[in-house]
$ cat input.txt   # compact mmCIF, C-alpha atoms
# COMPACT_ATOMS: atom_id res chain seq x y z
CA MET A 11 -33.48 -15.83 -8.11
CA ASP A 12 -30.73 -17.89 -9.73
CA GLY A 13 -27.16 -17.31 -8.63
CA GLN A 14 -23.71 -18.80 -9.07
CA LEU A 15 -21.54 -20.03 -6.22
CA GLY A 16 -17.80 -19.57 -6.66
CA TYR A 17 -14.73 -17.63 -5.61
CA GLY A 18 -15.39 -14.57 -7.75
CA THR A 19 -13.68 -13.19 -10.83
CA GLU A 20 -10.05 -14.18 -11.36
CA ILE A 21 -7.59 -11.26 -11.43
CA PRO A 22 -3.96 -11.48 -12.66
CA LEU A 23 -1.33 -11.10 -9.95
CA PRO A 24 1.02 -8.16 -10.62
CA ILE A 25 4.11 -10.28 -11.27
CA LYS A 26 7.03 -7.98 -12.14
CA SER A 27 9.75 -10.60 -12.48
CA THR A 28 11.24 -11.11 -15.92
CA GLY A 29 12.52 -14.41 -17.18
CA THR A 30 11.35 -17.97 -17.69
CA VAL A 31 8.64 -19.62 -15.61
CA THR A 32 10.21 -22.68 -14.00
CA TRP A 33 7.51 -23.67 -11.47
CA LEU A 34 3.78 -23.05 -11.11
CA PRO A 35 1.38 -23.92 -8.28
CA THR A 36 -1.64 -26.13 -8.87
CA GLU A 37 -5.00 -24.51 -9.57
CA GLY A 38 -7.04 -24.02 -6.42
CA ARG A 39 -4.03 -23.87 -4.11
CA THR A 40 -4.14 -21.31 -1.28
CA VAL A 41 -0.99 -19.22 -0.76
CA GLU A 42 -0.45 -17.26 2.43
CA ARG A 43 2.08 -14.64 3.51
CA GLY A 44 5.61 -15.84 2.85
CA GLY A 45 4.47 -18.55 0.44
CA THR A 46 5.85 -19.02 -3.06
CA LEU A 47 3.52 -17.96 -5.86
CA LEU A 48 5.73 -19.23 -8.68
CA ARG A 49 9.40 -19.51 -9.61
CA VAL A 50 11.03 -17.45 -12.33
CA ASP A 51 14.51 -18.50 -13.48
CA ASP A 52 14.30 -20.90 -10.50
CA ARG A 53 13.91 -17.98 -8.06
CA PRO A 54 10.79 -17.79 -5.85
CA VAL A 55 8.31 -14.94 -6.16
CA VAL A 56 6.95 -14.53 -2.63
CA LEU A 57 3.52 -13.33 -1.50
CA LEU A 58 3.38 -10.61 1.16
CA TYR A 59 0.43 -8.68 2.57
CA GLY A 60 -0.15 -5.03 1.79
CA THR A 61 -1.90 -2.52 -0.45
CA LEU A 62 1.07 -0.60 -1.85
CA PRO A 63 2.48 -2.28 -4.98
CA MET A 64 6.17 -3.11 -5.21
CA TYR A 65 7.59 -0.37 -7.42
CA ARG A 66 11.34 -0.31 -6.67
CA ASP A 67 14.18 -2.33 -5.24
CA LEU A 68 14.61 -2.16 -1.46
CA GLY A 69 18.10 -2.11 0.01
CA LEU A 70 20.85 0.09 1.37
CA THR A 71 20.47 2.24 -1.78
CA ALA A 72 22.54 2.25 -4.94
CA GLY A 73 24.44 5.20 -3.59
CA THR A 74 26.87 2.78 -1.95
CA GLY A 75 28.16 1.73 -5.34
CA GLN A 76 28.43 5.35 -6.43
CA GLY A 77 30.37 6.12 -3.27
CA THR A 78 32.83 3.33 -4.07
CA ARG A 79 33.40 4.74 -7.53
CA GLN A 80 33.87 8.20 -6.03
CA ASP A 81 36.39 6.78 -3.59
CA ALA A 82 38.37 5.45 -6.56
CA GLY A 83 38.41 8.95 -8.01
CA ASN A 84 39.61 10.43 -4.73
CA LYS A 85 42.36 7.85 -4.57
CA GLY A 86 43.50 8.99 -7.97
CA ASP A 87 43.59 12.57 -6.67
CA ALA A 88 45.79 11.59 -3.79
CA GLN A 89 48.25 9.87 -6.07
CA GLY A 90 48.18 12.75 -8.54
CA ARG A 91 47.21 10.79 -11.63
CA GLY A 92 44.18 10.48 -13.86
CA ASP A 93 41.78 12.15 -11.43
CA GLN A 94 39.71 13.83 -14.12
CA GLY A 95 39.64 10.69 -16.25
CA VAL A 96 38.42 8.54 -13.38
CA THR A 97 35.69 11.02 -12.50
CA ASP A 98 34.44 11.28 -16.09
CA ASP A 99 34.35 7.51 -16.58
CA THR A 100 32.49 7.02 -13.32
CA SER A 101 29.85 9.62 -14.17
CA LYS A 102 29.06 7.71 -17.37
CA ALA A 103 28.65 4.36 -15.61
CA PRO A 104 24.99 3.21 -15.66
CA ALA A 105 23.12 2.97 -12.39
CA PRO A 106 22.04 -0.52 -11.32
CA SER A 107 18.69 -1.61 -12.78
CA GLY A 108 15.70 -0.73 -10.60
CA SER A 109 17.80 1.37 -8.23
CA PRO A 110 16.55 4.67 -6.77
CA THR A 111 17.58 7.81 -8.59
CA PRO A 112 20.25 9.84 -6.78
CA GLY A 113 18.73 12.90 -5.17
CA GLY A 114 15.18 11.61 -5.75
CA ALA A 115 13.30 12.89 -2.74
CA GLY A 116 10.08 11.30 -3.85
CA THR A 117 11.64 7.88 -4.48
CA GLY A 118 13.83 7.54 -1.45
CA GLY A 119 17.08 7.89 -3.38
CA THR A 120 20.34 9.37 -2.18
CA GLY A 121 20.11 12.94 -1.04
CA GLY A 122 23.68 14.10 -1.52
CA THR A 123 25.62 14.95 -4.64
CA GLY A 124 29.07 13.73 -3.73
CA GLY A 125 28.28 10.01 -4.03
CA THR A 126 27.25 9.75 -0.36
CA ALA A 127 24.65 7.05 0.30
CA SER A 128 21.60 7.87 2.42
CA THR A 129 18.95 5.69 4.04
CA LEU A 130 16.14 4.46 1.80
CA ARG A 131 12.83 5.75 3.17
CA GLY A 132 9.17 5.32 2.31
CA MET A 133 5.87 3.67 3.12
CA ASP A 134 6.91 0.71 0.98
CA VAL A 135 9.80 0.13 3.41
CA LEU A 136 7.38 0.17 6.36
CA GLN A 137 5.08 -2.28 4.59
CA PHE A 138 7.92 -4.66 3.77
CA GLU A 139 9.44 -4.50 7.26
CA SER A 140 6.03 -5.29 8.78
CA ASN A 141 5.86 -8.44 6.66
CA LEU A 142 9.44 -9.39 7.43
CA ALA A 143 8.73 -9.20 11.16
CA ALA A 144 5.48 -11.16 10.76
CA LEU A 145 7.52 -13.95 9.14
CA GLY A 146 9.77 -14.08 12.21
CA HIS A 147 12.77 -12.19 10.85
CA THR A 148 13.26 -9.40 13.39
CA GLY A 149 16.11 -7.43 14.93
CA PHE A 150 15.23 -4.04 13.45
CA THR A 151 12.80 -1.19 14.07
CA ILE A 152 9.64 -1.34 11.97
CA ASP A 153 9.56 2.10 10.43
CA GLU A 154 10.01 3.84 7.09
CA GLU A 155 13.81 3.45 7.01
CA PHE A 156 15.75 0.59 5.43
CA THR A 157 18.79 0.27 7.71
CA ASP A 158 21.73 -2.10 8.14
CA ALA A 159 19.61 -4.03 10.64
CA THR A 160 16.89 -4.41 8.02
CA ALA A 161 19.44 -5.67 5.50
CA ARG A 162 20.69 -8.29 7.95
CA ALA A 163 17.11 -9.51 8.50
CA VAL A 164 16.62 -9.64 4.73
CA LYS A 165 19.70 -11.83 4.42
CA ARG A 166 18.28 -14.26 6.97
CA TRP A 167 14.99 -14.32 5.07
CA GLN A 168 16.83 -14.92 1.79
CA LYS A 169 18.77 -17.76 3.37
CA SER A 170 15.50 -19.42 4.41
CA LEU A 171 14.36 -19.23 0.78
CA GLY A 172 17.59 -20.65 -0.57
CA LEU A 173 18.52 -17.37 -2.25
CA PRO A 174 21.84 -15.51 -2.39
CA GLN A 175 22.10 -13.40 0.74
CA THR A 176 22.38 -9.96 -0.80
CA GLY A 177 20.32 -7.95 1.68
CA THR A 178 18.49 -6.32 -1.23
CA VAL A 179 14.91 -7.09 -2.31
CA GLY A 180 14.31 -6.82 -6.05
CA VAL A 181 11.15 -5.27 -7.47
CA GLY A 182 10.17 -8.67 -8.87
CA ASP A 183 10.97 -10.72 -5.77
CA VAL A 184 7.67 -10.14 -3.96
CA VAL A 185 4.01 -9.48 -4.77
CA TYR A 186 1.58 -7.79 -2.40
CA SER A 187 -2.07 -8.67 -1.86
CA ALA A 188 -4.64 -7.75 0.78
CA GLY A 189 -4.51 -11.29 2.20
CA LYS A 190 -4.07 -14.91 1.27
CA VAL A 191 -5.01 -15.84 -2.28
CA ARG A 192 -6.45 -18.79 -4.16
CA ILE A 193 -4.58 -19.61 -7.36
CA GLY A 194 -6.57 -19.78 -10.59
CA ARG A 195 -5.72 -21.36 -13.93
CA ALA A 196 -2.22 -20.31 -15.02
CA GLY A 197 -2.00 -18.20 -18.16
CA VAL A 198 1.28 -19.74 -19.35
CA ARG A 199 3.07 -23.07 -19.36
CA LEU A 200 6.35 -24.03 -17.78
CA GLY A 201 9.21 -22.75 -19.89
CA SER A 202 7.27 -19.73 -21.14
CA ALA A 203 8.30 -16.15 -20.52
CA VAL A 204 6.55 -14.25 -17.75
CA THR A 205 3.52 -12.29 -18.97
CA GLU A 206 1.00 -9.99 -17.30
CA ASP A 207 -1.57 -12.78 -16.95
CA VAL A 208 0.87 -15.49 -15.89
CA LEU A 209 -0.96 -16.24 -12.63
CA PRO A 210 -4.57 -15.22 -11.90
CA TYR A 211 -6.03 -15.39 -8.40
CA THR A 212 -9.20 -14.95 -6.37
CA GLY A 213 -10.02 -14.57 -2.72
CA THR A 214 -10.25 -17.70 -0.59
CA SER A 215 -13.88 -17.29 0.52
CA ARG A 216 -16.78 -18.63 -1.52
CA LYS A 217 -19.49 -16.18 -2.49
CA VAL A 218 -22.56 -15.95 -4.69
CA VAL A 219 -23.15 -13.60 -7.60
CA VAL A 220 -26.70 -12.83 -8.74
CA ASN A 221 -27.70 -10.82 -11.80
CA ALA A 222 -30.59 -8.87 -10.33
CA SER A 223 -33.13 -6.91 -12.34
CA ALA A 224 -32.04 -3.29 -12.42
CA ALA A 225 -35.70 -2.28 -12.16
CA GLU A 226 -36.32 -4.38 -9.03
CA ASP A 227 -33.08 -4.24 -7.07
CA SER A 228 -34.31 -2.19 -4.11
CA TRP A 229 -33.76 -5.24 -1.90
CA ALA A 230 -30.08 -5.31 -2.80
CA VAL A 231 -28.53 -3.04 -0.19
CA ARG A 232 -25.28 -3.70 1.59
CA GLY A 233 -25.85 -5.80 4.70
CA ALA A 234 -29.22 -7.18 3.60
CA ALA A 235 -29.78 -10.78 4.71
CA VAL A 236 -30.65 -13.46 2.15
CA THR A 237 -31.06 -17.23 2.10
CA ILE A 238 -29.01 -19.33 -0.31
CA GLY A 239 -30.40 -22.64 -1.50
CA LEU A 240 -27.70 -25.21 -2.31
CA PRO A 241 -28.03 -28.03 -4.87
CA ASP A 242 -28.34 -30.63 -2.08
CA GLY A 243 -31.45 -28.92 -0.71
CA LYS A 244 -29.75 -27.29 2.26
CA SER A 245 -30.00 -23.56 2.93
CA VAL A 246 -27.30 -21.24 4.25
CA LYS A 247 -27.35 -17.62 5.30
CA GLY A 248 -25.82 -14.92 3.15
CA GLU A 249 -25.37 -11.16 3.21
CA VAL A 250 -25.26 -8.63 0.38
CA ALA A 251 -21.70 -7.31 0.17
CA SER A 252 -21.79 -5.13 -2.94
CA VAL A 253 -24.08 -4.05 -5.76
CA GLY A 254 -22.79 -3.20 -9.21
CA LYS A 255 -23.32 0.34 -10.44
CA LYS A 256 -23.43 -0.53 -14.13
CA ALA A 257 -26.42 -2.32 -15.62
CA THR A 258 -25.87 -4.73 -18.51
CA ASP A 259 -27.37 -4.06 -21.90
CA PRO A 260 -30.62 -6.05 -22.40
CA GLU A 261 -28.97 -7.86 -25.30
CA GLU A 262 -26.03 -9.02 -23.21
CA GLY A 263 -27.85 -11.22 -20.72
CA GLY A 264 -31.08 -12.89 -19.88
CA GLY A 265 -31.56 -11.26 -16.49
CA GLU A 266 -34.05 -12.73 -14.05
CA GLY A 267 -36.24 -15.32 -15.71
CA GLY A 268 -34.55 -14.79 -19.06
CA SER A 269 -36.57 -11.64 -19.73
CA GLY A 270 -33.67 -9.80 -21.31
CA ALA A 271 -34.14 -6.89 -18.89
CA PRO A 272 -31.08 -4.89 -17.77
CA THR A 273 -29.39 -6.43 -14.73
CA VAL A 274 -26.82 -5.45 -12.12
CA PRO A 275 -24.44 -7.90 -10.43
CA VAL A 276 -25.05 -8.42 -6.72
CA THR A 277 -22.30 -10.11 -4.69
CA ILE A 278 -23.37 -12.07 -1.62
CA THR A 279 -20.90 -13.26 1.02
CA ILE A 280 -21.25 -16.35 3.21
CA LYS A 281 -19.91 -15.91 6.73
CA ASP A 282 -20.08 -19.58 7.68
CA GLN A 283 -17.92 -21.12 4.97
CA LYS A 284 -18.21 -24.58 6.54
CA SER A 285 -21.95 -24.55 5.96
CA VAL A 286 -21.33 -24.71 2.19
CA GLY A 287 -19.48 -28.00 2.52
CA ARG A 288 -16.98 -28.92 -0.19
CA LEU A 289 -18.77 -27.19 -3.03
CA GLU A 290 -16.52 -24.79 -4.91
CA SER A 291 -18.76 -23.93 -7.84
CA ALA A 292 -22.47 -24.59 -8.35
CA PRO A 293 -25.74 -23.03 -9.43
CA VAL A 294 -27.76 -21.89 -6.41
CA THR A 295 -30.95 -20.03 -5.63
CA VAL A 296 -31.16 -16.84 -3.62
CA GLU A 297 -34.22 -15.75 -1.65
CA TYR A 298 -34.65 -12.27 -0.22
CA VAL A 299 -37.40 -10.60 1.79
CA GLY A 300 -39.33 -8.17 -0.38
CA ARG A 301 -41.99 -7.35 2.22
CA GLU A 302 -42.57 -8.59 5.75
CA ARG A 303 -45.45 -8.56 8.22
CA VAL A 304 -44.74 -9.48 11.83
CA ASP A 305 -47.17 -10.76 14.51
CA VAL A 306 -50.16 -11.30 12.22
CA LEU A 307 -52.72 -14.11 11.82
CA THR A 308 -52.38 -16.31 8.73
CA VAL A 309 -54.26 -19.18 7.12
CA PRO A 310 -53.53 -21.31 4.04
CA VAL A 311 -54.55 -19.46 0.89
CA ALA A 312 -56.79 -22.42 0.01
CA ALA A 313 -58.94 -21.64 3.07
CA LEU A 314 -60.21 -18.39 1.54
CA VAL A 315 -63.72 -18.44 0.12
CA ALA A 316 -65.53 -15.79 -1.90
CA LEU A 317 -68.55 -14.37 -0.07
CA ALA A 318 -71.84 -13.65 -1.85
CA GLU A 319 -71.85 -10.10 -0.54
CA GLY A 320 -68.32 -9.58 -1.82
CA GLY A 321 -64.88 -9.93 -0.37
CA HIS A 322 -63.32 -12.96 1.27
CA GLY A 323 -64.19 -15.08 4.23
CA LEU A 324 -63.38 -18.26 6.10
CA GLU A 325 -65.55 -21.24 6.93
CA THR A 326 -65.37 -22.22 10.57
CA ALA A 327 -65.45 -25.77 11.89
CA ASP A 328 -69.17 -25.49 12.67
CA GLY A 329 -70.03 -24.40 9.11
CA ARG A 330 -70.35 -20.65 9.69
CA PHE A 331 -68.76 -18.11 7.32
CA VAL A 332 -66.95 -15.09 8.72
CA ALA A 333 -65.68 -12.12 6.72
CA VAL A 334 -61.95 -11.34 6.81
CA LYS A 335 -59.63 -8.72 5.40
CA THR A 336 -56.66 -10.11 3.54
CA GLY A 337 -53.13 -8.74 3.68
CA LEU A 338 -49.77 -10.11 2.54
CA PHE A 339 -49.63 -13.35 0.52
CA ALA A 340 -46.43 -15.41 0.92
CA ASP A 341 -45.31 -19.06 0.96
CA GLY A 342 -48.84 -20.40 0.36
CA ARG A 343 -50.34 -18.47 3.27
CA VAL A 344 -52.24 -15.21 3.57
CA GLU A 345 -52.52 -12.62 6.29
CA VAL A 346 -56.10 -12.27 7.63
CA SER A 347 -57.71 -9.93 10.10
CA GLY A 348 -61.21 -9.20 11.40
CA SER A 349 -63.28 -9.11 14.57
CA ALA A 350 -64.39 -12.74 14.17
CA VAL A 351 -60.94 -14.35 13.81
CA ARG A 352 -58.54 -15.27 16.55
CA GLU A 353 -55.37 -17.27 16.99
CA GLY A 354 -56.01 -21.04 17.14
CA MET A 355 -59.41 -20.89 15.45
CA LYS A 356 -60.14 -23.92 13.21
CA VAL A 357 -61.14 -23.27 9.60
CA ARG A 358 -62.11 -25.60 6.79
CA ILE A 359 -60.29 -25.92 3.50
CA PRO A 360 -62.61 -26.76 0.58
CA GLU A 361 -61.67 -29.95 -1.25
$ encode --input "input.txt" --output "structure tokens"
Amino acid sequence: MDGQLGYGTEIPLPIKSTGTVTWLPTEGRTVERGGTLLRVDDRPVVLLYGTLPMYRDLGLTAGTGQGTRQDAGNKGDAQGRGDQGVTDDTSKAPAPSGSPTPGGAGTGGTGGTGGTASTLRGMDVLQFESNLAALGHTGFTIDEEFTDATARAVKRWQKSLGLPQTGTVGVGDVVYSAGKVRIGRAGVRLGSAVTEDVLPYTGTSRKVVVNASAAEDSWAVRGAAVTIGLPDGKSVKGEVASVGKKATDPEEGGGEGGSGAPTVPVTITIKDQKSVGRLESAPVTVEYVGRERVDVLTVPVAALVALAEGGHGLETADGRFVAVKTGLFADGRVEVSGSAVREGMKVRIPE
């Protein structure tokens, strides 16, 4: 069957920064953990590894600022002036953008009501701390709590990036992916505002996609071995990784052989990436085993002759004809069996 070698479908990275794009990586570049994906307002957006999306700022919680404002109110109480006015004004002050909601148990916000800050907790903290340690910024316990020690490590990380050392990680400062990524064609130009499709990506491993006939896809099971024929004539081994569950409409694609039959996408991975060489995109062929017969006798199909009494036979080197039973035909050969045939026997092929 015909297939297409490539890196798979490009998917937009979930960039949550807002502002102007001031730097973009070149298409095809590989970015690993800690690398810069792009710069927004001349600030780097960094790639980290994980499955939980960045959905809030990480820091020592916004409750610290609320506590400071509360302290100002208490000071007014002690001096006997304007205590009610200070409290009212403070309660109307807006919370910092992206900060946890006070008392938000589900979001890791402050738990008290008197302006007392509490430790930010959550799986997102654990995920971030694991990345921070992997980048060499340690000195804290990797757990679900964002502590003073975590903040100090964040400051060291920010210093290495040339950023202000705030100890707080903004929701748009990092992007998580399952591993390193390969950058696709950018969706915007330098100087444009950040959009949802600003930077698409793929995985870094080349794979093959085949549109297999939905009526004849029994071979396409996860783990099935296939052979991939490259444009230079070389063959490499592949393995079925996934099979689509939705067949295309006959009018949407040609399917196998351009028959217009419904097809399903089959993704094939290549374990030995070096065997593909430098090819990044190319049409290829994919061969799979539909049926197999092991430890049987075979002869070239051209050696078969039709016998007068019916059936097929073979002509031996001395001119005799022996009857045989045929089995599987494949690659120009045919399986034969019978009491008169044996391994190594010479047969004639009619001219």
$ closest_residue --input "input.txt" --among "A:Pro35, A:Gly287, A:Pro210, A:Gly189" --to "Leu240 (chain A)" --atoms "only C-alpha atoms"
A:Gly287
$ residues_near_point --input "input.txt" --point "(-42.7, -11.0, 0.4)" --cutoff "8 Å" --atoms "only C-alpha atoms" --output "CSV table (one decimal) with C-alpha atoms, keeping the file's coordinate frame"
chain,number,residue,atom,x,y,z
A,299,VAL,CA,-37.4,-10.6,1.8
A,300,GLY,CA,-39.3,-8.2,-0.4
A,301,ARG,CA,-42.0,-7.4,2.2
A,302,GLU,CA,-42.6,-8.6,5.8
A,338,LEU,CA,-49.8,-10.1,2.5
A,339,PHE,CA,-49.6,-13.4,0.5
A,340,ALA,CA,-46.4,-15.4,0.9
$ residues_around --input "input.txt" --residues "region 294-296 of chain A" --least-positions-apart "2" --cutoff "10 Å" --atoms "all atoms listed in the file" --output "count of residues only"
24
$ atom_distance --input "input.txt" --atom1 "CA of Glu290 (chain A)" --atom2 "CA of Glu206 (chain A)"
26.1 Å
$ residues_around --input "input.txt" --residues "Tyr211 (chain A)" --least-positions-apart "3" --cutoff "12 Å" --atoms "all atoms listed in the file" --output "PyMOL selection string"
chain A and resi 17-25+35-41+47+57+187+189-197+207-208+214
$ atom_distance --input "input.txt" --atom1 "CA of Asp305 (chain A)" --atom2 "CA of Gly342 (chain A)"
17.2 Å
$ atom_distance --input "input.txt" --atom1 "CA of Gly69 (chain A)" --atom2 "CA of Gly146 (chain A)"
19.0 Å
$ residues_around --input "input.txt" --residues "Ala224 (chain A)" --least-positions-apart "6" --cutoff "10 Å" --atoms "all atoms listed in the file" --output "list in words"
Gly254, Lys255, Lys256, Ala257, Thr258, Gly265, Glu266, Ala271, Pro272, Thr273, Val274 and Pro275 of chain A
$ write_last_selection --input "input.txt" --atoms "C-alpha atoms" --output "compact mmCIF listing (two decimals), in the coordinates of the input"
# COMPACT_ATOMS: atom_id res chain seq x y z
CA GLY A 254 -22.79 -3.20 -9.21
CA LYS A 255 -23.32 0.34 -10.44
CA LYS A 256 -23.43 -0.53 -14.13
CA ALA A 257 -26.42 -2.32 -15.62
CA THR A 258 -25.87 -4.73 -18.51
CA GLY A 265 -31.56 -11.26 -16.49
CA GLU A 266 -34.05 -12.73 -14.05
CA ALA A 271 -34.14 -6.89 -18.89
CA PRO A 272 -31.08 -4.89 -17.77
CA THR A 273 -29.39 -6.43 -14.73
CA VAL A 274 -26.82 -5.45 -12.12
CA PRO A 275 -24.44 -7.90 -10.43
$ residues_around --input "input.txt" --residues "Asp153 (chain A)" --least-positions-apart "5" --cutoff "10 Å" --atoms "all atoms listed in the file" --output "PyMOL selection string"
chain A and resi 131-140
$ residues_around --input "input.txt" --residues "Val344 (chain A)" --least-positions-apart "3" --cutoff "12 Å" --atoms "all atoms listed in the file" --output "MDAnalysis selection string"
chainID A and resid 302:303 306:314 322:324 334:341 347
$ closest_residue --input "input.txt" --among "A:Leu70, A:Met355, A:Val181, A:Val198" --to "Arg162 (chain A)" --atoms "only C-alpha atoms"
A:Leu70
$ residues_near_point --input "input.txt" --point "(-60.0, -21.2, 13.7)" --cutoff "10 Å" --atoms "all atoms listed in the file" --output "PDB file with C-alpha atoms, in the frame of the given file"
ATOM      1  CA  VAL A 309     -54.260 -19.180   7.120  1.00  0.00           C
ATOM      2  CA  LEU A 324     -63.380 -18.260   6.100  1.00  0.00           C
ATOM      3  CA  GLU A 325     -65.550 -21.240   6.930  1.00  0.00           C
ATOM      4  CA  THR A 326     -65.370 -22.220  10.570  1.00  0.00           C
ATOM      5  CA  ALA A 327     -65.450 -25.770  11.890  1.00  0.00           C
ATOM      6  CA  ALA A 350     -64.390 -12.740  14.170  1.00  0.00           C
ATOM      7  CA  VAL A 351     -60.940 -14.350  13.810  1.00  0.00           C
ATOM      8  CA  ARG A 352     -58.540 -15.270  16.550  1.00  0.00           C
ATOM      9  CA  GLU A 353     -55.370 -17.270  16.990  1.00  0.00           C
ATOM     10  CA  GLY A 354     -56.010 -21.040  17.140  1.00  0.00           C
ATOM     11  CA  MET A 355     -59.410 -20.890  15.450  1.00  0.00           C
ATOM     12  CA  LYS A 356     -60.140 -23.920  13.210  1.00  0.00           C
ATOM     13  CA  VAL A 357     -61.140 -23.270   9.600  1.00  0.00           C
ATOM     14  CA  ARG A 358     -62.110 -25.600   6.790  1.00  0.00           C
TER      15      ARG A 358
END
$ closest_atom_pairs --input "input.txt" --of "region 19-70 of chain A" --to "region 183-186 of chain A" --cutoff "6 Å" --atoms "only C-alpha atoms" --output "JSON lines"
{"residue": "A:Val55", "atom": "CA", "partner": "A:Asp183", "partner_atom": "CA", "distance": 5.0}
{"residue": "A:Val56", "atom": "CA", "partner": "A:Val184", "partner_atom": "CA", "distance": 4.6}
{"residue": "A:Leu57", "atom": "CA", "partner": "A:Val185", "partner_atom": "CA", "distance": 5.1}
{"residue": "A:Leu58", "atom": "CA", "partner": "A:Tyr186", "partner_atom": "CA", "distance": 4.9}
{"residue": "A:Tyr59", "atom": "CA", "partner": "A:Tyr186", "partner_atom": "CA", "distance": 5.2}
{"residue": "A:Gly60", "atom": "CA", "partner": "A:Tyr186", "partner_atom": "CA", "distance": 5.3}
$ closest_residue --input "input.txt" --among "A:Pro63, A:Gly45, A:Gly180, A:Gly172" --to "Ser27 (chain A)" --atoms "all atoms listed in the file"
A:Gly180
$ closest_residue --input "input.txt" --among "A:Gly213, A:Leu68, A:Thr32, A:Ser223" --to "Ala188 (chain A)" --atoms "only C-alpha atoms"
A:Gly213
$ closest_residue --input "input.txt" --among "A:Arg288, A:Thr71, A:Glu345, A:Pro174" --to "Glu155 (chain A)" --atoms "only C-alpha atoms"
A:Thr71
$ closest_residue --input "input.txt" --among "A:Val304, A:Ala333, A:Leu48, A:Leu209" --to "Leu317 (chain A)" --atoms "only C-alpha atoms"
A:Ala333
$ build_atoms --input "input.txt" --residues "region 300-305 of chain A" --atoms "all heavy atoms" --output "PDB file, in the coordinates of the input"
ATOM      1  N   GLY A 300     -38.862  -9.371   0.300  1.00  0.00           N
ATOM      2  CA  GLY A 300     -39.330  -8.170  -0.380  1.00  0.00           C
ATOM      3  C   GLY A 300     -40.203  -7.330   0.537  1.00  0.00           C
ATOM      4  O   GLY A 300     -40.033  -6.125   0.673  1.00  0.00           O
ATOM      5  N   ARG A 301     -41.143  -7.997   1.219  1.00  0.00           N
ATOM      6  CA  ARG A 301     -41.990  -7.350   2.220  1.00  0.00           C
ATOM      7  C   ARG A 301     -42.171  -8.300   3.394  1.00  0.00           C
ATOM      8  O   ARG A 301     -42.092  -9.508   3.230  1.00  0.00           O
ATOM      9  CB  ARG A 301     -43.360  -6.981   1.630  1.00  0.00           C
ATOM     10  CG  ARG A 301     -43.326  -5.825   0.643  1.00  0.00           C
ATOM     11  CD  ARG A 301     -44.742  -5.416   0.269  1.00  0.00           C
ATOM     12  NE  ARG A 301     -45.465  -6.504  -0.390  1.00  0.00           N
ATOM     13  CZ  ARG A 301     -46.789  -6.601  -0.419  1.00  0.00           C
ATOM     14  NH1 ARG A 301     -47.539  -5.709   0.210  1.00  0.00           N
ATOM     15  NH2 ARG A 301     -47.372  -7.605  -1.062  1.00  0.00           N
ATOM     16  N   GLU A 302     -42.442  -7.755   4.553  1.00  0.00           N
ATOM     17  CA  GLU A 302     -42.570  -8.590   5.750  1.00  0.00           C
ATOM     18  C   GLU A 302     -43.643  -8.022   6.662  1.00  0.00           C
ATOM     19  O   GLU A 302     -43.743  -6.802   6.842  1.00  0.00           O
ATOM     20  CB  GLU A 302     -41.223  -8.646   6.486  1.00  0.00           C
ATOM     21  CG  GLU A 302     -41.229  -9.574   7.689  1.00  0.00           C
ATOM     22  CD  GLU A 302     -39.861  -9.662   8.349  1.00  0.00           C
ATOM     23  OE1 GLU A 302     -39.075  -8.710   8.170  1.00  0.00           O
ATOM     24  OE2 GLU A 302     -39.586 -10.665   9.028  1.00  0.00           O
ATOM     25  N   ARG A 303     -44.449  -8.927   7.227  1.00  0.00           N
ATOM     26  CA  ARG A 303     -45.450  -8.560   8.220  1.00  0.00           C
ATOM     27  C   ARG A 303     -45.210  -9.424   9.454  1.00  0.00           C
ATOM     28  O   ARG A 303     -45.132 -10.659   9.361  1.00  0.00           O
ATOM     29  CB  ARG A 303     -46.853  -8.790   7.684  1.00  0.00           C
ATOM     30  CG  ARG A 303     -47.212  -7.899   6.498  1.00  0.00           C
ATOM     31  CD  ARG A 303     -47.573  -6.501   6.924  1.00  0.00           C
ATOM     32  NE  ARG A 303     -48.876  -6.508   7.611  1.00  0.00           N
ATOM     33  CZ  ARG A 303     -49.308  -5.506   8.358  1.00  0.00           C
ATOM     34  NH1 ARG A 303     -48.550  -4.442   8.550  1.00  0.00           N
ATOM     35  NH2 ARG A 303     -50.504  -5.580   8.928  1.00  0.00           N
ATOM     36  N   VAL A 304     -45.085  -8.781  10.591  1.00  0.00           N
ATOM     37  CA  VAL A 304     -44.740  -9.480  11.830  1.00  0.00           C
ATOM     38  C   VAL A 304     -45.954  -9.503  12.764  1.00  0.00           C
ATOM     39  O   VAL A 304     -46.726  -8.539  12.828  1.00  0.00           O
ATOM     40  CB  VAL A 304     -43.546  -8.791  12.520  1.00  0.00           C
ATOM     41  CG1 VAL A 304     -43.161  -9.544  13.791  1.00  0.00           C
ATOM     42  CG2 VAL A 304     -42.364  -8.719  11.569  1.00  0.00           C
ATOM     43  N   ASP A 305     -46.104 -10.615  13.503  1.00  0.00           N
ATOM     44  CA  ASP A 305     -47.170 -10.760  14.510  1.00  0.00           C
ATOM     45  C   ASP A 305     -48.561 -10.582  13.905  1.00  0.00           C
ATOM     46  O   ASP A 305     -49.373  -9.757  14.358  1.00  0.00           O
ATOM     47  CB  ASP A 305     -46.966  -9.756  15.662  1.00  0.00           C
ATOM     48  CG  ASP A 305     -45.696 -10.050  16.443  1.00  0.00           C
ATOM     49  OD1 ASP A 305     -45.316 -11.232  16.510  1.00  0.00           O
ATOM     50  OD2 ASP A 305     -45.081  -9.104  16.964  1.00  0.00           O
TER      51      ASP A 305
END
